[in-house]
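Visitor: What follows is entry02.cif; its format and atoms are mmCIF, C-alpha atoms.
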```
data_model
loop_
_atom_site.label_atom_id
_atom_site.label_comp_id
_atom_site.auth_asym_id
_atom_site.auth_seq_id
_atom_site.Cartn_x
_atom_site.Cartn_y
_atom_site.Cartn_z
CA MET W 27 0.00 0.00 0.00
CA THR W 28 1.34 3.44 -0.89
CA ASP W 29 2.02 5.91 1.83
CA LEU W 30 -0.92 8.21 2.23
CA PRO W 31 -0.54 11.84 3.23
CA SER W 32 -1.00 12.65 6.90
CA TYR W 33 -3.78 15.13 6.13
CA TYR W 34 -6.68 15.30 3.72
CA PHE W 35 -8.31 18.60 2.77
CA ARG W 36 -11.90 18.23 1.55
CA ILE W 37 -12.48 21.29 -0.59
CA ARG W 38 -15.76 23.08 0.00
CA ASP W 39 -17.16 26.52 -0.73
CA ASN W 40 -14.78 29.11 0.69
CA GLY W 41 -12.34 26.66 2.22
CA ALA W 42 -11.93 23.09 3.33
CA ALA W 43 -12.57 20.57 6.04
CA VAL W 44 -9.27 19.17 7.33
CA PHE W 45 -8.90 15.51 8.26
CA ARG W 46 -6.03 13.69 9.91
CA VAL W 47 -5.46 10.42 8.03
CA ASP W 48 -4.69 7.31 10.06
CA THR W 49 -3.79 3.89 8.68
CA GLU W 50 -1.95 2.69 11.78
CA ASN W 51 -4.75 0.69 13.33
CA ARG W 52 -5.38 -3.02 13.81
CA GLN W 53 -7.65 -3.39 10.79
CA ARG W 54 -5.32 -1.36 8.50
CA ARG W 55 -8.35 0.67 7.47
CA ILE W 56 -8.07 4.26 6.44
CA GLU W 57 -9.57 6.41 9.14
CA MET W 58 -10.08 10.12 8.73
CA ASP W 59 -10.72 12.27 11.76
CA GLN W 60 -11.88 15.83 11.09
CA ILE W 61 -9.65 18.22 13.00
CA ALA W 62 -10.25 21.69 11.53
CA ILE W 63 -12.16 23.99 9.22
CA VAL W 64 -10.34 26.38 6.88
CA ASN W 65 -11.91 29.57 5.51
CA THR W 66 -10.14 30.86 2.39
CA ASN W 67 -12.23 34.05 2.28
CA ARG W 68 -10.87 35.17 5.65
CA GLY W 69 -7.58 33.29 5.34
CA ASP W 70 -8.00 31.58 8.69
CA TYR W 71 -8.81 28.24 10.29
CA LYS W 72 -10.12 26.85 13.54
CA ALA W 73 -10.09 23.51 15.29
CA HIS W 74 -13.12 21.31 14.74
CA GLY W 75 -15.09 20.32 17.81
CA ASP W 76 -12.95 19.50 20.85
CA HIS W 77 -9.74 19.01 18.88
CA THR W 78 -6.58 20.79 19.89
CA LEU W 79 -4.34 21.35 16.91
CA THR W 80 -0.75 20.18 17.22
CA ASP W 81 2.20 22.10 15.81
CA SER W 82 2.34 19.70 12.85
CA ASP W 83 -1.42 20.15 12.29
CA THR W 84 -1.01 23.91 12.28
CA ALA W 85 2.02 23.78 9.96
CA ALA W 86 0.20 21.52 7.48
CA ILE W 87 -2.92 23.69 7.51
CA GLU W 88 -0.98 26.93 7.09
CA SER W 89 1.02 25.44 4.22
CA TRP W 90 -2.14 24.19 2.51
CA LEU W 91 -3.85 27.55 3.06
CA ARG W 92 -0.96 29.47 1.45
CA ASP W 93 -0.88 27.08 -1.51
CA ARG W 94 -4.65 27.21 -1.91
CA MET W 95 -4.77 31.02 -1.80
CA ASP W 96 -2.02 31.14 -4.45
CA LEU W 97 -3.94 28.69 -6.65
CA LEU W 98 -7.20 30.64 -6.29
CA ALA W 99 -5.40 33.88 -7.17
CA GLN W 100 -3.92 32.22 -10.29
CA ARG W 101 -7.38 30.98 -11.29
CA ASP W 102 -8.84 34.47 -10.86
CA ILE W 103 -6.32 36.05 -13.20
CA ASP W 104 -6.70 33.17 -15.67
CA ASP W 105 -10.45 33.83 -15.70
CA ILE W 106 -9.82 37.50 -16.46
CA HIS W 107 -7.49 36.64 -19.34
CA ARG W 108 -10.19 34.33 -20.70
CA ALA W 109 -12.73 37.16 -20.33
CA VAL W 110 -10.55 39.34 -22.55
CA ASP W 111 -10.50 36.54 -25.12
CA TYR W 112 -14.30 36.18 -24.84
CA LEU W 113 -14.73 39.91 -25.42
CA ASN W 114 -12.66 39.63 -28.59
CA VAL W 115 -14.62 36.59 -29.76
CA THR W 116 -17.88 38.40 -28.96
CA THR W 117 -16.75 41.40 -31.01
CA GLN W 118 -15.97 39.17 -33.97
CA TRP W 119 -19.32 37.39 -33.58
CA ALA W 120 -21.24 40.70 -33.44
CA GLN W 121 -19.42 41.99 -36.49
CA SER W 122 -19.55 38.92 -38.71
CA LYS W 123 -22.10 36.34 -37.58
CA ALA W 124 -24.84 37.81 -35.40
CA ASN W 125 -28.24 38.52 -36.88
CA ASP W 126 -30.46 41.41 -35.79
CA ALA W 127 -32.53 39.31 -33.39
CA GLN W 128 -29.41 37.96 -31.66
CA LEU W 129 -27.96 41.45 -31.34
CA ASP W 130 -31.26 42.78 -29.96
CA ASP W 131 -31.15 40.01 -27.35
CA VAL W 132 -27.70 40.87 -25.97
CA THR W 133 -26.81 44.46 -26.88
CA ASP W 134 -28.23 46.29 -23.84
CA ARG W 135 -26.82 43.79 -21.33
CA LEU W 136 -23.42 43.84 -23.00
CA LEU W 137 -23.33 47.62 -23.18
CA LEU W 138 -24.24 47.97 -19.49
CA ALA W 139 -21.70 45.36 -18.41
CA MET W 140 -18.97 46.96 -20.54
CA HIS W 141 -19.87 50.45 -19.26
CA ASP W 142 -19.70 49.21 -15.67
CA LEU W 143 -16.36 47.49 -16.31
CA ARG W 144 -14.94 50.54 -18.07
CA SER W 145 -15.99 52.84 -15.20
CA VAL W 146 -14.29 50.62 -12.62
CA LEU W 147 -11.13 50.21 -14.70
CA VAL W 148 -10.83 53.97 -15.38
CA ARG W 149 -11.35 54.81 -11.69
CA LYS W 150 -8.83 52.21 -10.55
CA LYS W 151 -6.25 53.36 -13.10
CA ALA W 152 -6.73 56.98 -12.01
CA ASP W 153 -6.23 55.89 -8.38
CA ARG W 154 -3.01 54.09 -9.29
CA LEU W 155 -1.73 57.07 -11.29
CA SER W 156 -2.50 59.51 -8.50
CA LYS W 157 -0.70 57.29 -5.97
CA GLY W 158 2.33 57.29 -8.27
CA GLU W 159 2.39 61.12 -8.28
CA ASN W 160 2.42 61.32 -4.48
#
```
Would you write the structure of this file as structure tokens?

Guide:
Amino acid sequence: MTDLPSYYFRIRDNGAAVFRVDTENRQRRIEMDQIAIVNTNRGDYKAHGDHTLTDSDTAAIESWLRDRMDLLAQRDIDDIHRAVDYLNVTTQWAQSKANDAQLDDVTDRLLLAMHDLRSVLVRKKADRLSKGEN
């Protein structure tokens, strides 16, 4: 049997449930004991139930939390890069393939979403430029 990791992180919305994995029992069964809950929105964790987290528990959770936050940040920026691609594809579709009914269906929603995005981007860029002048 391959060596299993000491901890298992069950991903859930906004974090994970943390389990200590145990195979060192008489039946050689895999036992998982929930020891903590991690919240990636707040970047914190807490012991589950009456458990007291050991130093190794804390180290494993903090390492997983850092790695998970990095992964989620990478996914966010990847999504934005894909959104830029989708905007370009949408422009090409509107110019070359869309019929009047299709354009009527999406034009107002697209214009509002693009106006909202443009307003936020312009404001944020102005904030960054003004910080650079100070």

Visitor: Would you kindly return, as number ranges by chain, each protein, DNA or RNA residue with an atom no farther than 10 Å from any atom of stretch 106-120 of chain W, considering only C-alpha atoms and excluding same-chain residues fewer than 3 positions away?

Guide: W: 101-103, 123-126, 128-129, 132-133, 136, 140

Visitor: As a check of understanding, name the residues that the PyMOL selection byres ((chain W and resi 29) around 12) selects in the supplied structure, as a PDB file with C-alpha atoms, keeping the file's coordinate frame.

Guide:
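New file out-v4.pdb:
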```
ATOM      1  CA  MET W  27       0.000   0.000   0.000  1.00  0.00           C
ATOM      2  CA  THR W  28       1.340   3.440  -0.890  1.00  0.00           C
ATOM      3  CA  LEU W  30      -0.920   8.210   2.230  1.00  0.00           C
ATOM      4  CA  PRO W  31      -0.540  11.840   3.230  1.00  0.00           C
ATOM      5  CA  SER W  32      -1.000  12.650   6.900  1.00  0.00           C
ATOM      6  CA  TYR W  33      -3.780  15.130   6.130  1.00  0.00           C
ATOM      7  CA  VAL W  47      -5.460  10.420   8.030  1.00  0.00           C
ATOM      8  CA  ASP W  48      -4.690   7.310  10.060  1.00  0.00           C
ATOM      9  CA  THR W  49      -3.790   3.890   8.680  1.00  0.00           C
ATOM     10  CA  GLU W  50      -1.950   2.690  11.780  1.00  0.00           C
ATOM     11  CA  ILE W  56      -8.070   4.260   6.440  1.00  0.00           C
TER      12      ILE W  56
END
```

Visitor: Calculate how many Å separate atom CA of W:Ala43 from atom CA of W:Leu98, rounding to one decimal.

Guide: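 Straight-line distance from atom CA of W:Ala43 to atom CA of W:Leu98 works out to 16.8 Å.
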
Visitor: For stretch 64-67 of chain W, what centre and edge lengths in Å (one decimal) does the axis-aligned box get once 3 Å is added on each side of all its listed atoms, as JSON?

Guide:
```
{"center_x": -11.2, "center_y": 30.2, "center_z": 4.6, "size_x": 8.1, "size_y": 13.7, "size_z": 10.6}
```

Visitor: Near W:Asn40, counting only C-alpha atoms, which residues have an atom at most 9 Å away, once you skip same-chain residues fewer than 4 positions from it, shown as a list in words?

Guide: Val64, Asn65, Thr66, Asn67 and Arg68 of chain W

Visitor: Mind writing the picked residues with C-alpha atoms as an mmCIF file, in the coordinates of the input?

Guide:
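For reference, selection.cif as written:
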```cif
data_model
loop_
_atom_site.group_PDB
_atom_site.id
_atom_site.type_symbol
_atom_site.label_atom_id
_atom_site.label_comp_id
_atom_site.auth_asym_id
_atom_site.auth_seq_id
_atom_site.Cartn_x
_atom_site.Cartn_y
_atom_site.Cartn_z
ATOM 1 C CA VAL W 64 -10.340 26.380 6.880
ATOM 2 C CA ASN W 65 -11.910 29.570 5.510
ATOM 3 C CA THR W 66 -10.140 30.860 2.390
ATOM 4 C CA ASN W 67 -12.230 34.050 2.280
ATOM 5 C CA ARG W 68 -10.870 35.170 5.650
#
```

Visitor: So, counting only C-alpha atoms, which residue among W:Met58, W:Leu91, W:Leu147, W:Ile63 is closest to W:Ala42?

Guide: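 With only C-alpha atoms as the atom set, the closest residue is W:Ile63.
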
Visitor: Could you tell me how far atom CA of W:Glu88 lies from atom CA of W:Gln60, in Å and to one decimal?

Guide: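 Atom CA of W:Gln60 lies at a distance of 16.1 Å from atom CA of W:Glu88.
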
Visitor: Looking at all atoms listed in the file, which of W:Thr78, W:Trp90, W:Arg55, W:Asp142 is the one that sits closest to W:Tyr34?

Guide: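 Of W:Thr78, W:Trp90, W:Arg55, W:Asp142, the one nearest W:Tyr34, counting all atoms listed in the file, is W:Trp90.
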
Visitor: Please indicate the distance in Å from atom CA of W:Val44 to atom CA of W:Ala62, rounded to one decimal place.

Guide: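 Distance between the two atoms: 5.0 Å.
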
Visitor: For a quick check of understanding, using only C-alpha atoms, which of W:Arg135, W:Gly69, W:His74, W:Asp105 has the smallest distance to W:Arg92?

Guide: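 Looking only at the distances to W:Arg92, the closest residue turns out to be W:Gly69.
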